[in-house]
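So this block is model28.tsv, TSV, C-alpha atoms:
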```
chain	number	residue	atom	x	y	z
A	1	MET	CA	144.95	-54.12	-247.09
A	2	LEU	CA	146.88	-51.17	-248.46
A	3	ASP	CA	147.29	-47.87	-246.68
A	4	ASP	CA	145.41	-45.57	-249.00
A	5	SER	CA	145.09	-44.56	-252.60
A	6	ILE	CA	146.72	-42.14	-255.03
A	7	ARG	CA	144.53	-40.18	-257.40
A	8	VAL	CA	145.85	-39.56	-260.91
A	9	LEU	CA	144.23	-37.01	-263.22
A	10	ALA	CA	145.42	-36.31	-266.75
A	11	GLY	CA	144.34	-33.98	-269.53
A	12	ASP	CA	144.59	-30.56	-271.17
A	13	CYS	CA	144.52	-28.37	-268.06
A	14	THR	CA	144.84	-24.84	-266.85
A	15	VAL	CA	146.94	-24.73	-263.68
A	16	ILE	CA	146.85	-21.65	-261.43
A	17	ALA	CA	149.12	-21.31	-258.40
A	18	ASP	CA	148.26	-18.41	-256.08
A	19	GLY	CA	150.50	-17.42	-253.20
A	20	ALA	CA	153.15	-14.74	-252.88
A	21	SER	CA	152.67	-14.39	-256.65
A	22	ARG	CA	150.26	-15.76	-259.24
A	23	GLU	CA	151.41	-18.18	-261.91
A	24	GLU	CA	149.27	-19.71	-264.64
A	25	TYR	CA	150.09	-22.58	-267.00
A	26	ARG	CA	148.28	-24.61	-269.61
A	27	GLY	CA	149.24	-27.94	-271.13
A	28	ARG	CA	148.59	-31.65	-271.20
A	29	VAL	CA	149.67	-32.52	-267.69
A	30	THR	CA	149.23	-35.28	-265.14
A	31	THR	CA	148.18	-34.37	-261.60
A	32	VAL	CA	149.01	-36.69	-258.71
A	33	VAL	CA	147.16	-36.33	-255.39
A	34	LYS	CA	148.85	-38.34	-252.63
A	35	PRO	CA	147.21	-39.61	-249.41
A	36	ASP	CA	148.93	-36.89	-247.34
A	37	ASN	CA	147.26	-34.22	-249.54
A	38	THR	CA	150.42	-33.43	-251.48
A	39	VAL	CA	149.48	-32.33	-255.02
A	40	LEU	CA	152.00	-32.60	-257.88
A	41	VAL	CA	151.39	-31.37	-261.44
A	42	HIS	CA	153.79	-32.90	-264.02
A	43	ASP	CA	154.34	-32.02	-267.65
A	44	VAL	CA	156.59	-33.76	-270.20
A	45	ASP	CA	159.88	-32.12	-269.11
A	46	GLY	CA	162.24	-33.20	-266.34
A	47	TYR	CA	161.51	-34.60	-262.91
A	48	GLN	CA	160.34	-31.42	-261.18
A	49	PRO	CA	156.61	-30.65	-261.15
A	50	VAL	CA	155.29	-27.60	-262.98
A	51	ALA	CA	153.38	-26.77	-259.80
A	52	TRP	CA	152.87	-28.41	-256.43
A	53	LEU	CA	151.47	-27.96	-252.95
A	54	THR	CA	152.91	-30.05	-250.12
A	55	ARG	CA	150.49	-31.48	-247.54
A	56	ALA	CA	147.58	-29.20	-248.29
A	57	ASP	CA	145.18	-28.32	-245.48
A	58	SER	CA	142.21	-29.15	-247.71
A	59	ILE	CA	141.52	-30.56	-251.16
A	60	SER	CA	138.30	-30.60	-253.14
A	61	SER	CA	137.82	-32.26	-256.51
A	62	THR	CA	135.08	-32.89	-259.05
A	63	SER	CA	134.92	-35.22	-262.02
A	64	ASP	CA	132.34	-35.81	-264.75
A	65	PRO	CA	132.45	-36.84	-268.41
A	66	SER	CA	133.34	-33.28	-269.46
A	67	GLY	CA	136.41	-32.99	-267.24
A	68	PHE	CA	137.69	-32.59	-263.71
A	69	SER	CA	138.91	-29.94	-261.33
A	70	VAL	CA	141.11	-29.96	-258.22
A	71	VAL	CA	141.44	-27.12	-255.72
A	72	ALA	CA	143.99	-27.37	-252.89
A	73	HIS	CA	144.54	-24.84	-250.08
A	74	LYS	CA	147.38	-24.43	-247.60
A	75	GLY	CA	147.50	-21.24	-245.58
A	76	GLU	CA	147.66	-18.38	-248.06
A	77	GLN	CA	148.50	-20.70	-250.97
A	78	THR	CA	146.00	-22.10	-253.45
A	79	LEU	CA	146.55	-24.51	-256.33
A	80	ARG	CA	143.81	-24.94	-258.95
A	81	ILE	CA	143.78	-27.46	-261.78
A	82	ALA	CA	140.89	-27.44	-264.28
A	83	ALA	CA	140.65	-29.81	-267.26
A	84	HIS	CA	139.49	-28.53	-270.64
A	85	ASP	CA	139.85	-32.02	-272.09
A	86	GLN	CA	140.10	-35.11	-269.89
A	87	ASP	CA	142.47	-37.96	-270.76
A	88	GLY	CA	142.05	-39.96	-267.58
A	89	PHE	CA	140.91	-39.91	-263.97
A	90	GLY	CA	141.78	-42.83	-261.69
A	91	GLN	CA	142.32	-43.89	-258.10
A	92	TYR	CA	144.89	-46.57	-257.34
A	93	PRO	CA	145.87	-48.50	-254.19
A	94	ALA	CA	149.16	-47.37	-252.65
A	95	SER	CA	151.47	-48.20	-249.75
A	96	PRO	CA	154.91	-47.10	-248.53
A	97	ALA	CA	157.70	-48.49	-250.72
A	98	GLY	CA	160.45	-50.34	-248.90
A	99	THR	CA	163.30	-52.81	-249.16
A	100	PRO	CA	162.13	-56.40	-249.84
A	101	VAL	CA	162.84	-58.68	-246.87
A	102	GLY	CA	160.98	-61.87	-247.75
A	103	ASP	CA	157.49	-63.31	-248.15
A	104	CYS	CA	154.53	-63.06	-245.80
A	105	PRO	CA	153.84	-66.43	-244.11
A	106	ASP	CA	150.12	-65.61	-243.89
A	107	CYS	CA	149.33	-64.79	-247.53
A	108	GLY	CA	152.55	-65.22	-249.54
A	109	GLY	CA	152.72	-61.50	-250.39
A	110	ALA	CA	155.95	-59.50	-250.41
A	111	LEU	CA	157.27	-58.21	-247.09
A	112	VAL	CA	159.02	-54.83	-247.38
A	113	ARG	CA	160.76	-52.64	-244.83
A	114	SER	CA	160.18	-48.90	-244.67
A	115	SER	CA	159.53	-47.38	-241.23
A	116	ASP	CA	158.24	-50.83	-240.25
A	117	VAL	CA	157.93	-54.20	-242.01
A	118	HIS	CA	154.62	-54.70	-243.78
A	119	CYS	CA	153.02	-57.03	-246.31
A	120	LEU	CA	152.03	-55.45	-249.62
A	121	ASP	CA	149.08	-57.84	-250.01
A	122	CYS	CA	147.39	-58.40	-246.64
A	123	GLY	CA	148.77	-55.28	-244.92
A	124	GLU	CA	150.06	-57.08	-241.79
A	125	ARG	CA	152.60	-54.85	-240.00
A	126	TYR	CA	155.51	-55.50	-237.65
A	127	GLY	CA	157.22	-52.66	-235.79
A	128	VAL	CA	161.01	-52.88	-235.83
A	129	PRO	CA	163.66	-50.71	-234.12
A	130	SER	CA	165.32	-48.31	-236.58
A	131	ASP	CA	168.73	-49.90	-235.95
A	132	ALA	CA	167.53	-53.50	-236.41
A	133	THR	CA	168.95	-55.68	-239.20
A	134	VAL	CA	166.37	-57.96	-240.83
A	135	ARG	CA	168.00	-61.31	-241.53
A	136	GLU	CA	167.40	-64.07	-244.06
A	137	GLU	CA	167.04	-66.57	-241.20
A	138	ARG	CA	163.41	-67.48	-240.52
A	139	CYS	CA	161.60	-67.96	-237.23
A	140	GLY	CA	159.51	-71.11	-236.73
A	141	CYS	CA	156.42	-68.98	-237.48
A	142	GLY	CA	157.74	-68.28	-240.98
A	143	LEU	CA	158.68	-64.62	-240.49
A	144	PRO	CA	162.25	-63.33	-240.86
A	145	ARG	CA	164.27	-62.79	-237.72
A	146	MET	CA	165.97	-59.50	-236.88
A	147	ARG	CA	169.20	-58.68	-235.09
A	148	VAL	CA	169.20	-55.86	-232.54
A	149	GLU	CA	172.15	-54.75	-230.41
A	150	ARG	CA	171.23	-53.79	-226.84
A	151	GLY	CA	174.37	-54.63	-224.89
A	152	LEU	CA	174.49	-58.00	-226.66
A	153	ALA	CA	173.40	-58.95	-230.18
A	154	PHE	CA	169.92	-60.45	-229.94
A	155	ASP	CA	168.21	-62.39	-232.73
A	156	VAL	CA	164.44	-62.35	-232.36
A	157	CYS	CA	161.34	-62.77	-234.52
A	158	LEU	CA	159.87	-59.73	-236.26
A	159	ASP	CA	156.59	-60.40	-234.47
A	160	ARG	CA	156.93	-59.38	-230.83
A	161	ARG	CA	153.90	-61.56	-230.04
A	162	CYS	CA	155.99	-64.54	-231.13
A	163	GLU	CA	159.27	-63.52	-229.50
A	164	SER	CA	159.65	-60.37	-227.40
A	165	LEU	CA	162.81	-58.26	-227.66
A	166	ASP	CA	161.91	-56.71	-224.29
A	167	GLU	CA	161.80	-60.09	-222.57
A	168	THR	CA	165.04	-61.20	-224.23
A	169	VAL	CA	166.92	-58.09	-223.05
A	170	ARG	CA	165.27	-58.39	-219.62
A	171	GLU	CA	166.50	-61.97	-219.23
A	172	ALA	CA	170.04	-60.83	-220.03
A	173	PHE	CA	170.33	-57.64	-217.97
A	174	ASP	CA	167.56	-57.32	-215.38
A	175	ARG	CA	169.21	-56.54	-212.01
A	176	GLU	CA	172.69	-56.87	-213.55
A	177	TRP	CA	173.69	-53.26	-212.81
A	178	ALA	CA	173.49	-51.14	-209.67
A	179	CYS	CA	171.85	-47.73	-209.53
A	180	PRO	CA	174.59	-45.08	-209.06
A	181	GLU	CA	172.16	-42.87	-207.12
A	182	CYS	CA	170.96	-45.22	-204.37
A	183	GLY	CA	172.63	-48.60	-204.94
A	184	GLY	CA	169.39	-50.40	-205.85
A	185	ASP	CA	169.08	-52.80	-208.76
A	186	LEU	CA	168.43	-51.44	-212.24
A	187	ARG	CA	165.41	-53.15	-213.80
A	188	ILE	CA	164.83	-53.46	-217.55
A	189	LEU	CA	161.64	-51.55	-218.34
A	190	ARG	CA	159.66	-50.34	-221.34
A	191	ARG	CA	158.81	-46.65	-221.00
A	192	GLY	CA	158.64	-45.33	-224.54
A	193	GLY	CA	161.93	-47.14	-225.19
A	194	LEU	CA	163.89	-49.84	-223.39
A	195	LEU	CA	165.60	-48.46	-220.32
A	196	ALA	CA	167.39	-49.52	-217.17
A	197	GLY	CA	165.47	-47.90	-214.30
A	198	CYS	CA	165.95	-48.03	-210.56
A	199	GLU	CA	163.85	-50.55	-208.65
A	200	HIS	CA	163.12	-47.88	-206.03
A	201	TYR	CA	161.20	-45.62	-208.41
A	202	PRO	CA	159.52	-43.18	-207.64
A	203	ASP	CA	161.71	-42.61	-204.57
A	204	CYS	CA	164.70	-42.85	-206.90
A	205	GLU	CA	164.10	-41.60	-210.43
A	206	ALA	CA	167.36	-42.81	-211.99
A	207	GLY	CA	166.73	-44.30	-215.43
A	208	TYR	CA	168.88	-44.75	-218.54
A	209	VAL	CA	167.87	-45.56	-222.11
A	210	ILE	CA	169.73	-48.65	-223.28
A	211	PRO	CA	171.65	-47.57	-226.39
A	212	SER	CA	172.17	-49.37	-229.66
A	213	GLY	CA	175.52	-51.09	-229.29
A	214	LEU	CA	177.51	-53.80	-227.53
A	215	LEU	CA	178.83	-53.85	-223.98
A	216	ASP	CA	182.40	-52.57	-223.83
A	217	GLY	CA	183.67	-52.72	-220.27
A	218	GLU	CA	182.83	-50.27	-217.51
A	219	CYS	CA	182.62	-46.51	-217.37
A	220	GLY	CA	184.52	-44.57	-214.71
A	221	CYS	CA	181.23	-43.98	-212.89
A	222	GLY	CA	180.66	-47.72	-212.47
A	223	LEU	CA	177.88	-48.10	-215.03
A	224	PRO	CA	178.46	-50.25	-218.12
A	225	ALA	CA	180.03	-48.75	-221.23
A	226	PHE	CA	178.78	-49.41	-224.75
A	227	ASP	CA	180.47	-49.50	-228.15
A	228	THR	CA	177.88	-47.68	-230.29
A	229	PRO	CA	177.81	-46.53	-233.93
A	230	SER	CA	178.64	-43.01	-232.73
A	231	GLY	CA	181.48	-44.08	-230.41
A	232	ARG	CA	182.10	-45.40	-226.92
A	233	ARG	CA	179.69	-44.10	-224.28
A	234	CYS	CA	178.32	-44.74	-220.82
A	235	LEU	CA	174.86	-46.16	-220.18
A	236	ASP	CA	174.20	-42.69	-218.74
A	237	ALA	CA	174.26	-40.46	-221.83
A	238	THR	CA	175.07	-37.40	-219.67
A	239	CYS	CA	178.07	-39.00	-217.94
A	240	GLU	CA	181.45	-37.32	-218.47
A	241	GLU	CA	183.57	-40.05	-216.86
A	242	ILE	CA	183.67	-42.42	-219.82
A	243	LEU	CA	187.18	-43.80	-220.26
A	244	GLU	CA	188.56	-43.06	-223.70
A	245	THR	CA	189.89	-46.57	-224.33
A	246	PRO	CA	189.56	-48.42	-227.65
A	247	ALA	CA	186.28	-50.22	-228.08
A	248	VAL	CA	186.31	-54.00	-227.96
A	249	GLU	CA	186.39	-55.41	-231.48
A	250	ARG	CA	183.07	-56.91	-232.47
A	251	GLY	CA	182.98	-60.56	-233.43
```

Rewritten as structure tokens:
Amino acid sequence: MLDDSIRVLAGDCTVIADGASREEYRGRVTTVVKPDNTVLVHDVDGYQPVAWLTRADSISSTSDPSGFSVVAHKGEQTLRIAAHDQDGFGQYPASPAGTPVGDCPDCGGALVRSSDVHCLDCGERYGVPSDATVREERCGCGLPRMRVERGLAFDVCLDRRCESLDETVREAFDREWACPECGGDLRILRRGGLLAGCEHYPDCEAGYVIPSGLLDGECGCGLPAFDTPSGRRCLDATCEEILETPAVERG
């Protein structure tokens, strides 16, 4: 099942854009109305629209054999398109476009990655961390596996119901580090993101988001250090005691 549809309207149209100034055009143009209420009016020249309104607050449209009209409003801006002669009026299924990462094991459709991984045919979706690498290797369920760095490099299935990244990281690091505030064990928890939080919460509120990267020794404060894409850092992002030593080379 696809996300939504894109409306396409073409013909000899008058286009009026009202805002800080008023502009009027006429020509054979194609109007595209996207699911987020963005309206684009294209003529034959170049890539830039003749007129547009991004994420309108409201859109109304009419269509009959004699023509069509579209009126979009956003704040003090109004965009009107009225057809004198209609060439076409259609509504077409649409989805986010993404990088192909394989085939869906459920229906055989194409899996693509945009903000998540989804099937273009059946619409099945799998949330993935933004830093994850989707691999060619397949899980036993038929889905691709992904690699995510959270202290170690973990290879897990795209479907968290099949193989949980949280559980994999928990098995590796739960109670491995001591809380610098009270000496208790740091537990691996899911609170928005994956973090290492003190077992004595709420009496001790120490908690640290586990960064994207590989373990790289110990910080001067005693917490683990990480080699991340932005450089070497402590588990505690606010710590100033990180030792400026070269990061361990990744294998």

Determine, for each residue of range 16-131 of chain A having at least one atom at most 7 Å from an atom of range 137-161 of chain A, the closest pair of atoms and their separation in Å to one decimal, counting only C-alpha atoms; order by chain and ascending number, as a tab-separated table.
```
residue	atom	partner	partner_atom	distance
A:Cys104	CA	A:Leu143	CA	6.9
A:Pro105	CA	A:Gly142	CA	5.3
A:Tyr126	CA	A:Asp159	CA	5.9
A:Val128	CA	A:Leu158	CA	7.0
A:Asp131	CA	A:Val148	CA	6.9
```

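Between Cys239 in chain A and the candidates A:His42, A:Ala172, A:Cys219, A:Gly109, the tightest atom-to-atom separation, counting all atoms listed in the file, involves A:Cys219.
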
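The coordinates place CA of Lys74 in chain A at 27.8 Å from CA of Ser114 in chain A.
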
Could you tell me which of A:Ala82, A:Leu165, A:Val71, A:Cys13 comes closest to Gly193 in chain A if we count only C-alpha atoms?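 The closest residue to Gly193 in chain A is A:Leu165.
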
What's the 12 Å shell around Gly222 in chain A, counting only C-alpha atoms, without same-chain residues fewer than 3 positions away, as a PyMOL selection string? chain A and resi 177-181+183+217-219+225+234-236+239+241-243

Generate a file of the selected residues that holds C-alpha atoms, formatted as a short mmCIF file (atom, residue, chain, number, x, y, z; two decimals), keeping the file's coordinate frame.
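Dumped to result.cif:
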```cif
data_model
loop_
_atom_site.label_atom_id
_atom_site.label_comp_id
_atom_site.auth_asym_id
_atom_site.auth_seq_id
_atom_site.Cartn_x
_atom_site.Cartn_y
_atom_site.Cartn_z
CA TRP A 177 173.69 -53.26 -212.81
CA ALA A 178 173.49 -51.14 -209.67
CA CYS A 179 171.85 -47.73 -209.53
CA PRO A 180 174.59 -45.08 -209.06
CA GLU A 181 172.16 -42.87 -207.12
CA GLY A 183 172.63 -48.60 -204.94
CA GLY A 217 183.67 -52.72 -220.27
CA GLU A 218 182.83 -50.27 -217.51
CA CYS A 219 182.62 -46.51 -217.37
CA ALA A 225 180.03 -48.75 -221.23
CA CYS A 234 178.32 -44.74 -220.82
CA LEU A 235 174.86 -46.16 -220.18
CA ASP A 236 174.20 -42.69 -218.74
CA CYS A 239 178.07 -39.00 -217.94
CA GLU A 241 183.57 -40.05 -216.86
CA ILE A 242 183.67 -42.42 -219.82
CA LEU A 243 187.18 -43.80 -220.26
#
```

CA of Glu23 in chain A to CA of Ser5 in chain A measures 28.7 Å

Which value, in Å to one decimal, gives the distance between CA of Asp85 in chain A and CA of Pro65 in chain A?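 These atoms are spaced 9.6 Å apart.
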
Find the spatial neighbours of Ala237 in chain A, counting all atoms listed in the file, within a cut-off of 12 Å - ignore same-chain residues fewer than 5 positions away - and output them as an MDAnalysis selection string. chainID A and resid 195 207:211 219 221 223:226 228 231:232 242

Distance criterion (only C-alpha atoms): nearest to Asp12 in chain A out of A:Arg175, A:Arg80, A:His73, A:Arg26: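 When distances to Asp12 in chain A are compared using only C-alpha atoms, the smallest one comes from A:Arg26.
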
Write out as a VMD selection string the residues lying within 8 Å of range 33-37 of chain A, counting all atoms listed in the file and excluding same-chain residues fewer than 6 positions away. chain A and resid 4 to 8 54 to 59

Would you list the contacts of range 43-51 of chain A as a list in words, taking every protein, DNA or RNA residue within 7 Å and counting all atoms listed in the file, but skipping same-chain residues closer than 6 positions in sequence?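 Listed by chain and then number, they are Arg28, Val29 and Thr30 of chain A.
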
Using C-alpha atoms, can you write the selected residues to a file as a CSV table (one decimal), in the frame of the given file?
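Result file part_29.csv:
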```csv
chain,number,residue,atom,x,y,z
A,28,ARG,CA,148.6,-31.6,-271.2
A,29,VAL,CA,149.7,-32.5,-267.7
A,30,THR,CA,149.2,-35.3,-265.1
```

Find the spatial neighbours of Asp166 in chain A, counting all atoms listed in the file, within a cut-off of 8 Å - ignore same-chain residues fewer than 6 positions away - and output them as a list in words. Leu189, Arg190 and Leu194 of chain A

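You can rank A:Gly75, A:Gly19, A:Gly67, A:Pro202 by their closest distance to Asp87 in chain A using only C-alpha atoms, and at the top of that list sits A:Gly67.
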